[in-house]
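Worksheet: the structure to be examined is printed underneath.
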2 protein chains.
Amino acid sequence: MNSCRVVVVGAGFGGLQAAKCLADSGIDVLLIDRNNYHTFVPLLYQVATGQLEPEYIAYPIRAILRRFSFLRNKAKIQFLMAEVKQIDFSKRTIETETCLISYDFLVLATGSQTQFLGVPGASEYAFSMRTLEEAIAIRNQILFCFERAIQESDSSRREQLLTFTIVGGGATGVEVAGALAEMLRGHLRRDYPTLLPQVRLILIQSSDRLLAELPKKLGAYTHKRLHQLGVEVYLLSKVTRVTSESVYLQNDEVIPTATVIWTAGVEANYPTILDEPSLANKRKLIVHPTLQLLEQPNVYAIGDLAYLEKNGKPLAGFASEALQQGVAVARNIQLQFRGKSPQPFSYFHKGILVIIGCYSGVAKIGTFAITGCLAWLMWLGVHLIYLPGHRSRLLVLLTWLHTYLSRDRSVRLILSVKKR
Amino acid sequence: MNSCRVVVVGAGFGGLQAAKCLADSGIDVLLIDRNNYHTFVPLLYQVATGQLEPEYIAYPIRAILRRFSFLRNKAKIQFLMAEVKQIDFSKRTIETETCLISYDFLVLATGSQTQFLGVPGASEYAFSMRTLEEAIAIRNQILFCFERAIQESDSSRREQLLTFTIVGGGATGVEVAGALAEMLRGHLRRDYPTLLPQVRLILIQSSDRLLAELPKKLGAYTHKRLHQLGVEVYLLSKVTRVTSESVYLQNDEVIPTATVIWTAGVEANYPTILDEPSLANKRKLIVHPTLQLLEQPNVYAIGDLAYLEKNGKPLAGFASEALQQGVAVARNIQLQFRGKSPQPFSYFHKGILVIIGCYSGVAKIGTFAITGCLAWLMWLGVHLIYLPGHRSRLLVLLTWLHTYLSRDRSVRLILSVKKR
C-alpha cells in the first residue's frame, strides 16, 4: 500500500485531517508546513485581545503526529518544516528552500491570507489576524496604545491612540469587536480608569447589516448587543484609504485612529505554481466536485484554497468544511490508488456559531436561529471539543472560567521576538 | 507625607520592592520601566528550554501594583512604560522619549545586561538570556536547529546545527545545560529520534570548576551530574572568538556550533547619566553602604546596578539581594525625608540554590552544603514561593508536575513577533 508518495502542503485543519486519514488507511504521507505548529485559528482573536496565551492555541505538529494512534499496519506521517517556494505540476515536484521533493499525489491545504481589497494603505498600516504572530502583534498594539495614551498630553493624539477600528463586520470582525469591548470593561478599565471615556471602538461594515451570511434577525441582534457593549457600528460604509493615523470612508468621513484591524475578508494563499491553475474569486483554485484541480487529476486543493460551491453559493471558509474535505481527499486518493474513480465531495453543513463578547452569541443550526446565552454556551462547547488535546482543553476552560468570573484576567504583555 | 517625588527606574525585584515599601509608608512613587511587565528572571532559562510558557513568568506591572493592598492612608504607585534616555543629577531630571520628569529622590534599579568580556563576535552571534524576548529567541533557535538538521544532508553541517554551546559555568550556565539535556531526554528524543546520536551539549567554563562561587564539592557534584546527563564540560577553557558557525578556544580548539548561549556574566545596565558617576567592575555604580551614590545623596542604586561588598567580596547578584535592598532604600528615603540619616544596608544571605536538570540540585545554606533530590525540592519550593501571584504559582506547579511525570511536555513553538 505504500508505494505511492503523497505530499500534503499545509498543516491547518484540512491538511492535518487529510494526513491523518491517509496514514490511517496505510498510505505514507509527507506533511509540509512553514511553521512547526498548528494554529487553532477560530480562537486567534482571543490571543489578539489578550484573553488567551498564544501557546494555548498553537500545537507542535510533531506532538500531534505522535499522538495519532497507529495500529501495526498503519503508515507514518513524516513532517518537514519548510517554506514551499514553487510547485511544478508537470514534473510533479515541490521546491522548498532546502530541497526538491517529488510526489505522486499532492494535497494543497495552505489556507488563506488577509485580502485587502485593493484599498490603498491597508496592507501597510492595517493589522491582519490570520496567524499567531499577527494576533500577538495586535495585542501588543492595543496595550501599547493605552500605555502611550496615558503619557500623551495632546488630546487629539490621545483620542487617535484610543480609537480602535475594525474593518469587516463578518463573524471575525464581530468577535474581535465584542472581545475588545469586554477588555475595556475588564482590566483596561481598572488599569487605565482615566482613559476610558475617550476610548472608541468602531466596527465598519460595507453591507447593510452585520453577519451578512446569517439571517437578518441575527445580524440585528448582534448589532444591538455590540451597541450595548459600546461599539460604534458603521453600516453601508466602505473604507477607501488607510494611513498610520486614520481611515478614510467613501462618504469622505475621516476617522483618526492608530489601530486598524482588517477582518474584511480573506483570499487563498499558496506558493508559486508554475503551471498556472484556473482561479476563481479571491484567488481560489477551481476544483472538480471531487476536489481535484482541473486538468491535474493527482492534485487536490482543500480548505480556504479551493473554490467550491454548495447550492450555487461558494463555501464560506469554516473549519468544518476543511475538516470534511480532508477526509474526502484521503478517501479519493485511496480510490485513485486502487484504480477507481474519486467521489464528489458533499459538505454537510453543521451550522454557524458567533460569539459576541461575554455571555452572548448567535447561532444558526439548520433552520433554527438562536441568540443569547444558549448560543454562547454552544460556541464555547464546540470550540472546546475541537481543540486538539486534553491539556489545551483544560487550560482554555480554566482560563475562560477565570476570565468570566473575575473579568480581570488577561495576557497583558507587550512582547516581541525575532524568529532566530 | 506626600510632598516629595520619588522616582524608581526599573521594575525588577529591587525596583518593585522599593516602590511597594515606599507606598506602604505613605510616599507617592512613580515607577518607570521600558516593559509593561515584570520578569521573574530566575526561571528565564525554563522559557529558553521550552519548559514554561513565557506568560507564566511575566507579570503585568499594572496588575501587580493594583494588587498591593493600600490602606486608607497609604500612597499610590503611578506607572510609566517608557525608555529612560538620560538622567541629569544636577537638574534632578529624567528624560524619556516622551517627557521630562523631575524628582526629589531617585532609585536606580535597571538591572543588568549580558557582559561579553570583549570577545570578538560574541555580542553579534551569541545568544543572551537576560530578557523574556531573548529567552524565547533561544527556544526558537534550538527548535529551528533540530528542524533544519533533519533536512540537512551534509553531515558536518548537521553536526554544527546539533551542537549547542553554553559559555559560562556559573549557576545560569549549569541550569541551562541541565535543562537542555533534559529536553533531549524528553520530547526531542521522541520528535527527532534519528538525530540524537549526533547532538552535543557543551558547557565551557574558564575557571577550574563549575559553580566557582560555591564549595568545591558542590562544583564536583554538579560536574558529575551534568556528565551523567550527557553534557561535555570544558574547564579552564576560555572562548577567544565566536562566529555564526563556531567558537574558538584559547587552546586553539575550534568547536563547530550554530548555537552559542552566553551565560558568562553580566554587567550593570543603565541609561546615560550626564554627571558621570563613579564606576566599579562590570560598570556597576559605586554606592555608600546606605546605597546612596557617592556625591548624590538623593540618588540610590540597588540590585545588579550597585557595587556593594560583603566580607570583602562583591555581592553576587541574586534576587534576594535586590529584594532586601529595595526594602532598605525605602526605609532610607523615609529617614531622609524626616531629616534623619540613612542607615547602612546589611545583606542577610539566605543561601544559594542551583538546579541541575530534573530531580537534582545543589544548595549552600549557611555552612551546610546539600546535593541531590533535597536541594532540588528546596529549589522548587523557594521559586514557587517567590513567584508573584497565586495563579502563576498554580500554573507553574501544574506545568512542572506534568513535565516531571510525562517527560514530554514543553513549549515547542518557533514564534516571532514584531513589537508593533
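By convention in this document, the chains of the C-alpha cells carry letters A, B, ... by their order, each chain's residues are numbered from 1, and ligands are numbered from 1 in the order they are shown.
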
With a distance cut-off of 10 Å and only C-alpha atoms, select the neighbouring residues of Leu195 of chain B, excluding the residue or stretch itself and same-chain residues fewer than 6 positions from it, and output the selection as a short mmCIF file (atom, residue, chain, number, x, y, z; two decimals) with N, CA, C and O atoms, in the first residue's frame.
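What follows is the written file out00.cif:
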data_model
loop_
_atom_site.label_atom_id
_atom_site.label_comp_id
_atom_site.auth_asym_id
_atom_site.auth_seq_id
_atom_site.Cartn_x
_atom_site.Cartn_y
_atom_site.Cartn_z
N PHE B 146 16.98 21.86 15.18
CA PHE B 146 16.54 20.48 15.00
C PHE B 146 15.74 20.31 13.71
O PHE B 146 15.94 19.36 12.95
N ALA B 149 18.18 20.54 10.91
CA ALA B 149 19.12 19.41 10.85
C ALA B 149 18.49 18.18 10.22
O ALA B 149 19.14 17.41 9.51
N ILE B 150 17.17 18.03 10.45
CA ILE B 150 16.52 16.83 9.94
C ILE B 150 16.42 16.85 8.42
O ILE B 150 16.22 15.82 7.78
N ARG B 158 25.16 19.25 9.67
CA ARG B 158 24.16 18.74 10.60
C ARG B 158 24.73 18.72 12.01
O ARG B 158 24.08 19.10 12.98
N GLU B 159 25.97 18.30 12.13
CA GLU B 159 26.61 18.26 13.44
C GLU B 159 26.71 19.66 14.04
O GLU B 159 26.50 19.86 15.24
N LEU B 162 23.53 20.66 15.42
CA LEU B 162 23.14 19.91 16.62
C LEU B 162 24.14 20.04 17.76
O LEU B 162 24.07 19.29 18.73
N LEU B 188 12.52 15.93 22.65
CA LEU B 188 13.41 15.95 21.48
C LEU B 188 13.77 14.54 21.05
O LEU B 188 13.90 14.25 19.86
N ARG B 189 13.92 13.67 22.03
CA ARG B 189 14.24 12.28 21.70
C ARG B 189 13.09 11.65 20.93
O ARG B 189 13.29 10.87 20.00
#

Exercise. In segment 278-400 of chain B, what's helix (DSSP H, G or I) per DSSP? Answer as JSON, numbers by chain?
Worked result: {"B": [281, 282, 283, 303, 304, 305, 319, 320, 321, 322, 323, 324, 325, 326, 327, 328, 329, 330, 331, 332, 333, 334, 335, 336, 337, 373, 374, 375, 376, 377, 378, 379, 380, 381, 382, 383, 384, 385, 386, 390, 391, 392, 393, 394, 395, 396, 397, 398, 399, 400]}

For this session: For Val362 of chain B, list every protein, DNA or RNA residue within 9 Å, evaluated using only C-alpha atoms, and leave out those in the same chain fewer than 4 positions away; present the list as a PyMOL selection string.
Result: chain B and resi 218-219+221-222+352-356+369-376+379

For this session: Output the contact residues of chain B with respect to chain A at a cut-off of 7 Å, based on only C-alpha atoms, as a list in words.
Result: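 On the chain B side, the interface is Asn36, Tyr37, Pro60, Arg62, Met81, Glu133, Ile136, Ala137, Asn140, Gln141, Glu147, Asp191, Arg412, Leu413, Ile414, Leu415, Ser416, Val417, Lys418, Lys419 and Arg420 of chain B.
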
For this session: Determine, counting only C-alpha atoms, which protein, DNA and RNA residues have an atom within 10 Å of an atom of Ser346 of chain B; residues of the same chain fewer than 4 positions away are not included. Present the result as number ranges by chain.
Result: B: 289-290, 309-310, 321, 324-325, 328

For this session: Using only C-alpha atoms, find the one residue out of B:Ala330, B:Leu229, B:Val41, B:Ala264 that sits nearest to Gly111 of chain B.
Result: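 Using only C-alpha atoms, Gly111 of chain B sits closest to B:Val41.
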
For this session: Could you please write out, as a PyMOL selection string, every residue of segment 89-283 of chain B that DSSP assigns to strand (DSSP E or B)?
Result: chain B and resi 93-96+100-102+105-108+112-114+127+163-167+200-204+231-234+239-242+246-249+254-256+259-262+266-268+272-273+279

Exercise. Using only C-alpha atoms, which of B:His383, B:Asp304, B:Met183, B:Lys217 sits nearest Leu44 of chain B?
Worked result: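 Of all the options, B:His383 lies closest to Leu44 of chain B.
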
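For the residues B:Leu235, B:Val382, B:Ala171, B:Leu397, ranking by smallest atom-to-atom distance to Asn251 of chain B using only C-alpha atoms places B:Leu235 first.
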
Exercise. Between atom CA of Val266 of chain B and atom CA of Val47 of chain B, what is the spacing in Å?
Worked result: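 Calculated distance between atom CA of Val47 of chain B and atom CA of Val266 of chain B is 19.1 Å.
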
For this session: Could you tell me which of B:Val327, B:Ala11, B:Leu274, B:Leu106 comes closest to Asp24 of chain B if we count only C-alpha atoms?
Result: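 The closest residue to Asp24 of chain B is B:Val327.
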
Exercise. Which polymer residues have any atom within 9 Å of an atom of Gln115 of chain A, counting only C-alpha atoms, with same-chain residues fewer than 4 positions away left out, as a ChimeraX atom specification?
Worked result: /A:123,262-268,282
